[in-house]
Structures are given as structure tokens and as C-alpha cells.
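Asker: Contents of query.cif (mmCIF, C-alpha atoms and all ligand atoms):
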```cif
data_coords
loop_
_atom_site.label_atom_id
_atom_site.label_comp_id
_atom_site.auth_asym_id
_atom_site.auth_seq_id
_atom_site.Cartn_x
_atom_site.Cartn_y
_atom_site.Cartn_z
CA MET A 115 127.70 79.60 16.83
CA THR A 116 131.16 79.35 15.32
CA GLU A 117 132.14 81.26 12.15
CA THR A 118 132.35 77.96 10.23
CA GLN A 119 128.83 77.06 11.30
CA SER A 120 127.49 80.50 10.24
CA THR A 121 129.14 80.19 6.83
CA GLN A 122 127.80 76.66 6.47
CA ILE A 123 124.25 77.88 7.15
CA ALA A 124 124.56 80.91 4.86
CA ASN A 125 125.58 78.57 2.03
CA LEU A 126 122.93 75.92 2.55
CA PRO A 127 121.51 74.92 -0.86
CA VAL A 128 117.96 74.95 0.55
CA LEU A 129 118.17 78.74 0.95
CA GLY A 130 118.20 79.11 -2.82
CA GLU A 131 115.61 76.41 -3.36
CA ALA A 132 112.62 78.59 -2.51
CA ALA A 133 113.70 80.96 -5.31
CA GLN A 134 113.57 78.11 -7.84
CA GLN A 135 109.98 77.19 -7.07
CA SER A 136 106.99 78.48 -8.99
CA TYR A 137 104.71 81.16 -7.60
CA PRO A 138 101.67 81.37 -9.90
CA THR A 139 100.13 84.75 -10.64
CA ALA A 140 96.41 85.45 -10.06
CA THR A 141 96.74 83.68 -6.71
CA LEU A 142 95.89 84.52 -3.13
CA TYR A 143 98.72 83.37 -0.84
CA VAL A 144 97.66 82.91 2.80
CA VAL A 145 100.95 83.58 4.56
CA ALA A 146 101.76 82.75 8.19
CA THR A 147 104.11 85.23 9.88
CA PRO A 148 106.08 84.88 13.15
CA ILE A 149 104.33 85.00 16.55
CA GLY A 150 107.30 86.73 18.18
CA ASN A 151 110.73 85.81 16.90
CA VAL A 152 111.09 87.52 13.54
CA THR A 153 113.44 84.81 12.24
CA ASP A 154 110.63 82.25 12.43
CA ILE A 155 109.47 83.45 8.99
CA THR A 156 109.77 80.66 6.42
CA LEU A 157 111.84 80.85 3.25
CA ARG A 158 108.73 80.38 1.11
CA ALA A 159 106.87 83.12 2.99
CA LEU A 160 109.77 85.51 2.30
CA HIS A 161 109.65 84.71 -1.39
CA VAL A 162 105.90 85.13 -1.60
CA LEU A 163 106.08 88.47 0.23
CA LEU A 164 108.88 89.60 -2.08
CA LEU A 165 106.92 88.65 -5.22
CA ALA A 166 103.50 89.85 -4.02
CA ASP A 167 101.98 92.80 -5.88
CA VAL A 168 100.06 93.68 -2.73
CA VAL A 169 100.03 92.56 0.90
CA ALA A 170 96.58 92.46 2.51
CA CYS A 171 96.96 92.86 6.27
CA GLU A 172 95.09 93.61 9.50
CA ASP A 173 97.18 96.61 10.42
CA THR A 174 99.39 98.28 7.82
CA ARG A 175 101.68 99.77 10.50
CA LYS A 176 102.39 96.41 12.14
CA THR A 177 102.86 94.54 8.88
CA GLY A 178 104.85 97.48 7.47
CA ALA A 179 107.25 97.18 10.43
CA LEU A 180 107.58 93.42 9.90
CA LEU A 181 108.23 93.82 6.17
CA THR A 182 110.89 96.42 6.95
CA ARG A 183 112.67 93.83 9.11
CA PHE A 184 112.86 91.66 5.98
CA GLY A 185 114.08 94.60 3.89
CA LEU A 186 110.78 94.76 1.95
CA ASN A 187 108.77 97.81 1.05
CA LYS A 188 105.44 96.63 -0.37
CA HIS A 189 102.11 98.10 -1.29
CA MET A 190 99.68 97.18 1.52
CA VAL A 191 95.90 97.24 1.85
CA ALA A 192 93.89 96.83 5.03
CA ALA A 193 91.78 93.68 5.42
CA HIS A 194 90.63 93.60 9.03
CA GLN A 195 87.57 92.31 10.87
CA HIS A 196 85.55 95.46 10.09
CA ASN A 197 86.08 95.54 6.31
CA GLU A 198 86.89 91.97 5.28
CA ARG A 199 84.01 91.54 2.83
CA GLU A 200 84.66 94.84 1.01
CA ALA A 201 88.40 94.20 1.07
CA ALA A 202 87.75 90.79 -0.48
CA GLU A 203 85.95 92.37 -3.45
CA LYS A 204 88.91 94.66 -4.15
CA LEU A 205 91.38 91.80 -3.78
CA ILE A 206 89.33 89.67 -6.19
CA ALA A 207 89.53 92.45 -8.78
CA ARG A 208 93.32 92.47 -8.37
CA LEU A 209 93.47 88.68 -8.71
CA HIS A 210 91.37 88.87 -11.88
CA ALA A 211 93.97 91.34 -13.18
CA GLY A 212 96.63 88.64 -12.64
CA GLU A 213 98.22 89.92 -9.45
CA ARG A 214 99.77 87.88 -6.64
CA VAL A 215 98.11 88.82 -3.36
CA ALA A 216 99.67 87.89 0.01
CA LEU A 217 97.24 87.78 2.93
CA VAL A 218 98.77 88.07 6.41
CA SER A 219 97.50 88.84 9.91
CA ASP A 220 99.32 90.71 12.68
CA ALA A 221 101.02 87.51 13.82
CA GLY A 222 100.81 83.78 13.21
CA THR A 223 98.42 82.10 10.82
CA PRO A 224 95.62 84.16 9.24
CA ALA A 225 92.07 82.97 10.02
CA VAL A 226 93.16 81.37 13.32
CA SER A 227 91.51 83.72 15.85
CA ASP A 228 92.34 86.37 13.28
CA PRO A 229 90.70 87.81 10.16
CA GLY A 230 91.25 86.05 6.85
CA ALA A 231 88.54 83.40 6.52
CA ARG A 232 86.07 85.75 4.78
CA VAL A 233 88.65 86.84 2.23
CA VAL A 234 89.59 83.22 1.50
CA ASP A 235 85.93 82.23 1.28
CA ALA A 236 85.15 85.01 -1.21
CA VAL A 237 88.25 84.31 -3.31
CA ARG A 238 87.46 80.59 -3.49
CA ALA A 239 83.81 81.33 -4.31
CA ALA A 240 85.06 83.47 -7.20
CA GLY A 241 86.85 80.38 -8.51
CA LEU A 242 90.30 81.85 -7.94
CA ASN A 243 93.44 80.11 -6.75
CA VAL A 244 94.30 80.03 -3.01
CA VAL A 245 97.68 78.76 -1.78
CA PRO A 246 98.50 78.44 1.93
CA VAL A 247 102.04 79.21 3.06
CA PRO A 248 102.28 77.48 6.44
CA GLY A 249 104.23 78.75 9.41
CA ALA A 250 103.83 79.71 13.06
CA SER A 251 100.64 79.45 15.05
CA ALA A 252 100.57 79.99 18.82
CA ALA A 253 98.21 77.05 19.41
CA ILE A 254 100.41 74.46 17.71
CA THR A 255 103.59 75.95 19.17
CA ALA A 256 102.17 75.71 22.70
CA LEU A 257 100.92 72.15 22.18
CA SER A 258 104.29 71.02 20.86
CA ALA A 259 106.12 72.06 24.02
CA SER A 260 103.40 71.25 26.57
CA GLY A 261 104.23 67.61 27.17
CA LEU A 262 100.51 66.88 27.44
CA VAL A 263 100.19 63.41 25.96
CA ASN A 264 96.99 63.38 23.93
CA ASP A 265 96.50 62.87 20.20
CA ARG A 266 93.45 65.09 20.19
CA PHE A 267 93.02 68.79 20.89
CA HIS A 268 90.07 71.13 20.73
CA PHE A 269 90.77 74.70 19.67
CA VAL A 270 88.69 77.02 21.85
CA GLY A 271 90.39 80.29 20.92
CA PHE A 272 89.27 83.28 22.99
CA LEU A 273 86.69 82.62 25.71
CA PRO A 274 83.80 85.09 26.09
CA ALA A 275 84.75 88.25 27.98
CA LYS A 276 81.73 88.12 30.31
CA ALA A 277 82.18 85.94 33.41
CA LYS A 278 78.88 84.10 33.19
CA GLN A 279 79.27 83.23 29.52
CA ARG A 280 82.89 82.23 30.10
CA GLU A 281 81.98 79.75 32.84
CA SER A 282 79.06 78.47 30.84
CA GLU A 283 81.28 77.78 27.81
CA LEU A 284 83.88 76.08 29.99
CA SER A 285 81.13 73.87 31.50
CA THR A 286 80.24 72.61 28.04
CA LEU A 287 83.91 71.71 27.46
CA LYS A 288 84.46 69.97 30.78
CA SER A 289 83.74 66.44 29.62
CA MET A 290 85.77 66.68 26.43
CA ALA A 291 88.63 64.18 26.29
CA ALA A 292 90.74 66.37 24.00
CA THR A 293 93.30 68.90 25.28
CA LEU A 294 91.63 72.33 25.31
CA VAL A 295 93.54 75.15 23.64
CA ILE A 296 92.57 78.61 24.89
CA TYR A 297 93.90 81.97 23.75
CA GLU A 298 93.92 84.62 26.46
CA ALA A 299 94.71 88.31 26.70
CA PRO A 300 97.02 89.33 29.58
CA HIS A 301 94.43 91.54 31.29
CA ARG A 302 92.08 88.57 31.53
CA ILE A 303 94.47 85.82 32.57
CA VAL A 304 93.43 86.00 36.25
CA ASP A 305 89.73 85.87 35.32
CA CYS A 306 90.45 82.94 33.05
CA VAL A 307 92.26 80.99 35.77
CA GLU A 308 89.49 81.73 38.28
CA ALA A 309 86.92 80.43 35.81
CA LEU A 310 88.98 77.28 35.20
CA ALA A 311 89.18 76.70 38.97
CA ALA A 312 85.41 77.15 39.29
CA VAL A 313 84.57 74.65 36.55
CA PHE A 314 87.30 72.00 36.34
CA GLU A 315 88.61 69.46 38.86
CA SER A 316 91.51 70.98 40.81
CA GLU A 317 93.86 68.10 39.96
CA ARG A 318 93.57 68.62 36.18
CA GLN A 319 96.81 69.69 34.51
CA VAL A 320 97.07 73.10 32.93
CA VAL A 321 99.91 74.55 30.85
CA PHE A 322 100.62 78.27 30.50
CA ALA A 323 102.62 79.04 27.36
CA ARG A 324 103.55 82.70 27.67
CA GLU A 325 105.43 84.94 25.22
CA LEU A 326 106.30 82.05 22.93
CA SER A 327 109.45 82.57 20.85
CA LYS A 328 110.06 85.92 22.60
CA LEU A 329 112.67 87.06 25.12
CA PHE A 330 110.60 86.24 28.20
CA GLU A 331 109.16 82.97 26.97
CA GLU A 332 107.81 80.87 29.82
CA ILE A 333 106.10 77.47 29.71
CA HIS A 334 104.69 76.35 33.03
CA ARG A 335 102.72 73.24 33.87
CA CYS A 336 100.81 72.75 37.12
CA THR A 337 97.40 71.65 38.36
CA ILE A 338 94.37 73.90 38.08
CA GLY A 339 94.37 74.04 41.88
CA GLU A 340 97.87 75.56 41.83
CA ALA A 341 97.36 77.85 38.83
CA LEU A 342 96.10 81.05 40.46
CA ALA A 343 98.98 81.14 42.96
CA TRP A 344 101.45 80.70 40.07
CA VAL A 345 99.96 83.57 38.03
CA LYS A 346 99.88 85.86 41.07
CA ALA A 347 103.40 85.01 42.24
CA ASP A 348 104.92 87.37 39.64
CA ALA A 349 103.34 90.58 38.29
CA ASN A 350 104.95 89.88 34.90
CA ARG A 351 102.65 86.89 34.54
CA GLU A 352 99.76 89.27 33.95
CA ARG A 353 101.61 90.68 30.93
CA GLY A 354 102.40 89.31 27.51
CA GLU A 355 100.55 86.82 25.36
CA PHE A 356 99.22 83.50 26.60
CA VAL A 357 98.07 80.16 25.33
CA VAL A 358 96.41 78.14 28.09
CA LEU A 359 96.17 74.39 27.60
CA VAL A 360 93.87 72.30 29.77
CA GLU A 361 94.29 68.56 30.05
CA GLY A 362 91.37 66.64 28.55
CA ALA A 363 88.83 64.84 30.73
CA THR A 364 89.64 61.31 31.79
CA GLN A 365 87.34 58.60 30.42
CA ASP A 366 85.58 58.30 33.81
CA THR A 367 84.57 61.95 33.87
CA ASP A 368 83.59 61.65 30.26
CA ALA A 369 81.32 58.69 30.85
CA GLY A 370 79.82 60.27 33.98
CA ASP A 371 79.09 63.55 32.21
CA ALA A 372 77.61 61.78 29.20
CA GLU A 373 75.27 59.87 31.53
CA ALA A 374 74.28 63.08 33.36
CA GLU A 375 73.62 64.74 30.01
CA ARG A 376 71.40 61.81 28.94
CA ILE A 377 69.40 61.92 32.19
CA LEU A 378 69.07 65.71 32.03
CA ASN A 379 67.69 65.54 28.50
CA ILE A 380 65.06 62.94 29.49
CA LEU A 381 63.98 64.99 32.50
CA LEU A 382 63.85 68.24 30.54
CA ALA A 383 61.29 66.70 28.21
CA GLU A 384 58.96 66.30 31.20
CA CYS A 385 59.85 68.92 33.85
CA SER A 386 60.99 72.51 34.33
CA VAL A 387 64.69 73.41 34.18
CA LYS A 388 64.81 73.72 37.98
CA GLN A 389 63.13 70.38 38.62
CA ALA A 390 65.20 68.61 35.98
CA ALA A 391 68.45 69.93 37.48
CA SER A 392 67.38 68.99 40.99
CA LEU A 393 66.34 65.44 40.03
CA ALA A 394 69.43 64.91 37.86
CA ALA A 395 71.61 65.99 40.79
CA GLN A 396 69.91 63.44 43.06
CA ILE A 397 70.26 60.66 40.48
CA THR A 398 73.86 61.32 39.40
CA GLY A 399 75.36 62.88 42.54
CA LYS A 400 76.63 65.77 40.39
CA LYS A 401 76.40 69.44 41.42
CA LYS A 402 72.93 70.95 41.04
CA ASN A 403 74.24 74.36 39.93
CA ALA A 404 76.31 72.91 37.10
CA LEU A 405 73.37 70.78 35.97
CA TYR A 406 71.07 73.83 36.16
CA GLU A 407 73.48 75.85 33.95
CA ARG A 408 73.70 72.98 31.49
CA ALA A 409 69.90 72.58 31.48
CA LEU A 410 69.54 76.27 30.62
CA GLN A 411 71.96 75.83 27.73
CA ILE A 412 70.10 72.80 26.41
CA LYS A 413 66.84 74.76 26.54
CA GLY A 414 68.62 77.68 24.84
CA GLU A 415 67.83 80.09 27.67
N1 LIG A 501 96.70 83.99 14.30
C1 LIG A 501 97.42 83.76 15.54
C2 LIG A 501 97.93 82.31 15.57
O1 LIG A 501 98.05 81.71 14.52
O2 LIG A 501 98.22 81.80 16.64
C3 LIG A 501 96.60 84.12 16.75
C4 LIG A 501 96.19 85.55 16.81
S1 LIG A 501 95.19 85.96 18.18
C5 LIG A 501 94.57 87.57 17.74
C6 LIG A 501 96.36 86.43 19.39
C7 LIG A 501 96.43 85.43 20.55
O3 LIG A 501 97.27 84.34 20.17
C8 LIG A 501 97.06 86.00 21.82
O4 LIG A 501 96.09 86.66 22.62
C9 LIG A 501 97.59 84.75 22.49
O5 LIG A 501 96.55 84.05 23.14
C10 LIG A 501 98.05 83.94 21.28
N2 LIG A 501 99.46 84.26 20.96
C11 LIG A 501 99.91 84.93 19.88
N3 LIG A 501 101.26 85.02 19.94
C12 LIG A 501 101.64 84.41 21.08
C13 LIG A 501 102.91 84.18 21.71
N4 LIG A 501 104.03 84.63 21.16
N5 LIG A 501 102.92 83.51 22.88
C14 LIG A 501 101.79 83.05 23.43
N6 LIG A 501 100.58 83.25 22.89
C15 LIG A 501 100.50 83.92 21.74
#
```
Take the structure in this file and express it as C-alpha cells.
Ligand code: SAM

Answerer:
Amino acid sequence: MTETQSTQIANLPVLGEAAQQSYPTATLYVVATPIGNVTDITLRALHVLLLADVVACEDTRKTGALLTRFGLNKHMVAAHQHNEREAAEKLIARLHAGERVALVSDAGTPAVSDPGARVVDAVRAAGLNVVPVPGASAAITALSASGLVNDRFHFVGFLPAKAKQRESELSTLKSMAATLVIYEAPHRIVDCVEALAAVFESERQVVFARELSKLFEEIHRCTIGEALAWVKADANRERGEFVVLVEGATQDTDAGDAEAERILNILLAECSVKQAASLAAQITGKKKNALYERALQIKGE
């Protein structure tokens, strides 16, 4: 960037605009923070954090470090998955006293695979004001750069840690026409890809969005059949943070699965899980094991 360009940006009128807006007191502000690149904070988020009487956060050390990057030194209270309800009560008392409370998570948008929803629920139930301050979220960031053309997406978040449950959940998602958005931890990325390969057609497209907005950002698109080889080709691919996007089912698969589901339900009303799966496999030509797993789910076993 040239010096002229830097000066031009530093003097942009919009930079001062956030300061002119109103930030009511006695309000809970749900503030999105960056998912990697610290400069992805929004102007409004900076103002809210500056004005907040208290910042409720998952981890005071992490949020403290982020606030320091913005030159802020704020009073913080912990509101994490183990104390959200109790934290909410204390925050409500502060709101009743007229304070501005900013709620953040470690990264991205609170309440998206992160704590926050219980605090918001309690604050709203108390009749108090809640204002969202939008910003980064890994799911939306990954979708925007995936090139998967689909108006619909289904947010899966984290899959179950146990292999059987993971495959079973993926089976229920197989016929969905929407793009599937999965969050995955680096130590489970190989397990995740193996489960995808076991459940989905090998020609389905998958996108790995790794370390978004960070130094080693990588966005890779391939088929599910090629995915494991890609992950294993570089040890670094088992590190960092991942969003995994899976192309939605084509209409054919959708229709076929819906028909199998209909047949399975009819048979389950009359026969055992084993018999129903076996007959449904003969009628539809679909795999008996997958139908058996699905039949167990329908029966709640
Ligand atoms: N609240 C966050 C949001 O709005 O996206 C999500 C928090 S969740 C605990 C953390 C997961 O989000 C990671 O395991 C990863 O799947 C995804 N994630 C967060 N930051 C990411 C990044 N920079 N690149 C890729 N995935 C990321």
C-alpha cells in the first residue's frame, strides 16, 4: 500500500461514524470477534468494547489478550459453558443497574458452536435489551470462498467424537440437498474424512477451509474419494482449525433416499429392525447396513 493510500484510509469519514452512533445503556451487546486476523474486528465492535462496563467472555486470558491488541483494558467476567446460567444472573443484575455488557466468545460469533445462547435467552426472558454486533464466523467465511453453488446450507457444527455416532449422524445428513457445514478439530480431521468416505458417495465435492484469515490459510476443494490422500499428503494438514463443507445431495439421491425412508417406515410398523432393513434393501437396492443403521435410529435404539 502506498503512503497516499494509507493516509486516505486513516482519514476515511466512516472511521468516525461509529463514534457518532448511539450505544444504549442497560443493554447486552453480543459481539463477534475475529476468527484469526485481529484486524477483522468491526468498527462498531471496537466502540462497543470500548464503552462496555464489563466484557463477559469464555476465557478471560484469551479475551484479555485480544483486548490488549486493541489497546483496551476492561473488566472481564467469565461466562463459559460450565457457568453460563449463573453468569447470566450476575449479568442481568448489572444490566438492571444500567450497565452496558459486551458478550464475546474466544473467536467468531458467540452462540455459534460457542457459549452465549443461555446468557442471551436469560437476558431476553428478563425483558432486557439485546443488540447483536455482527462480524466474523468461520462457517460463513468458509462458505463464501468455497465456490459451492447452492443457496442452502445446513450448519452441522461439531460431529460427535465417537466413531459410531459420527457415522450415524452423517447417514442422517446424506440425503440433504443443502451444503453441509462441519466444524472439526485438527486431531479429528482424519477420523472425520474417513467417516465422510464411509458414508457419502466418493464423487461428492468437499471443501477444506483451514486456518481462515490466518498466515497459513488454505482452501482446498476435491472429491470425497480424494480427500484422505490430500489430508495425509502434508503433516500440517492435521494442525490448525478446519471448516469442512460437503456438497449437498443431488435431487436423484434425495428422491431415492426419501423413497427408502418411506419404505423403511412402512416395514418397521410390521417387522423387526433386521427384517425391515433386509426387505428395504431388496426393494430399493440400497445397502442393508445403512438401512439397518437408519432403522435403529427411527426406532430410537
Ligand atoms: N463461534 C465460532 C464461529 O463463529 O465460527 C466458532 C467457534 S468453535 C468453538 C471453533 C471451530 O470453528 C473450530 O474448531 C473450527 O472448526 C472453526 N474455526 C474457528 N476459527 C477458524 C478458522 N480461522 N479457520 C477455520 N476454521 C475455524

Asker: Residues contacting ligand LIG 501 (chain A) - anything with an atom at most 10 Å away, using all atoms listed in the file - can you give me those as a PyMOL selection string?

Answerer: chain A and resi 146-151+218-230+249-256+271-272+295-300+302-303+322-333+354-358

Asker: Tell me, in Å to one decimal, how far CA of Glu361 in chain A is from CA of Gln396 in chain A.

Answerer: 28.1 Å

Asker: Nearest residue to Leu164 in chain A out of A:Asn187, A:Thr337, A:Thr141, A:Thr177, using only C-alpha atoms?

Answerer: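 For Leu164 in chain A, the nearest of the candidates is A:Asn187.
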
Asker: Which residue gives the smallest distance to Ala231 in chain A among A:Ala193, A:Leu381, A:Ala211, A:Ala133, with only C-alpha atoms counted?

Answerer: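 Nearest candidate to Ala231 in chain A out of A:Ala193, A:Leu381, A:Ala211, A:Ala133: A:Ala193.
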
Asker: Between CA of Arg353 in chain A and CA of His194 in chain A, what distance in Å does the model show, to one decimal?

Answerer: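 That distance, rounded to one decimal, is 24.7 Å.
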
Asker: Quick one, how far is CA of Ala409 in chain A from CA of Ala391 in chain A?

Answerer: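 About the pair CA of Ala409 in chain A and CA of Ala391 in chain A: they are 6.7 Å apart.
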
Asker: For a quick check of your reading of the model, name the residues lying within 6 Å of the coordinate (94.8, 75.5, 32.1), counting all atoms listed in the file, and write them as a PDB file with C-alpha atoms, keeping the file's coordinate frame.

Answerer:
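Saved file selection05.pdb follows:
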```pdb
ATOM      1  CA  VAL A 320      97.070  73.100  32.930  1.00  0.00           C
ATOM      2  CA  VAL A 321      99.910  74.550  30.850  1.00  0.00           C
ATOM      3  CA  VAL A 358      96.410  78.140  28.090  1.00  0.00           C
ATOM      4  CA  LEU A 359      96.170  74.390  27.600  1.00  0.00           C
ATOM      5  CA  VAL A 360      93.870  72.300  29.770  1.00  0.00           C
TER       6      VAL A 360
END
```

Asker: For Glu281 in chain A, which of A:Ala343, A:Cys171, A:Val145, A:Ala404 is the closest residue, counting only C-alpha atoms?

Answerer: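 Smallest separation from Glu281 in chain A among the options: A:Ala404.
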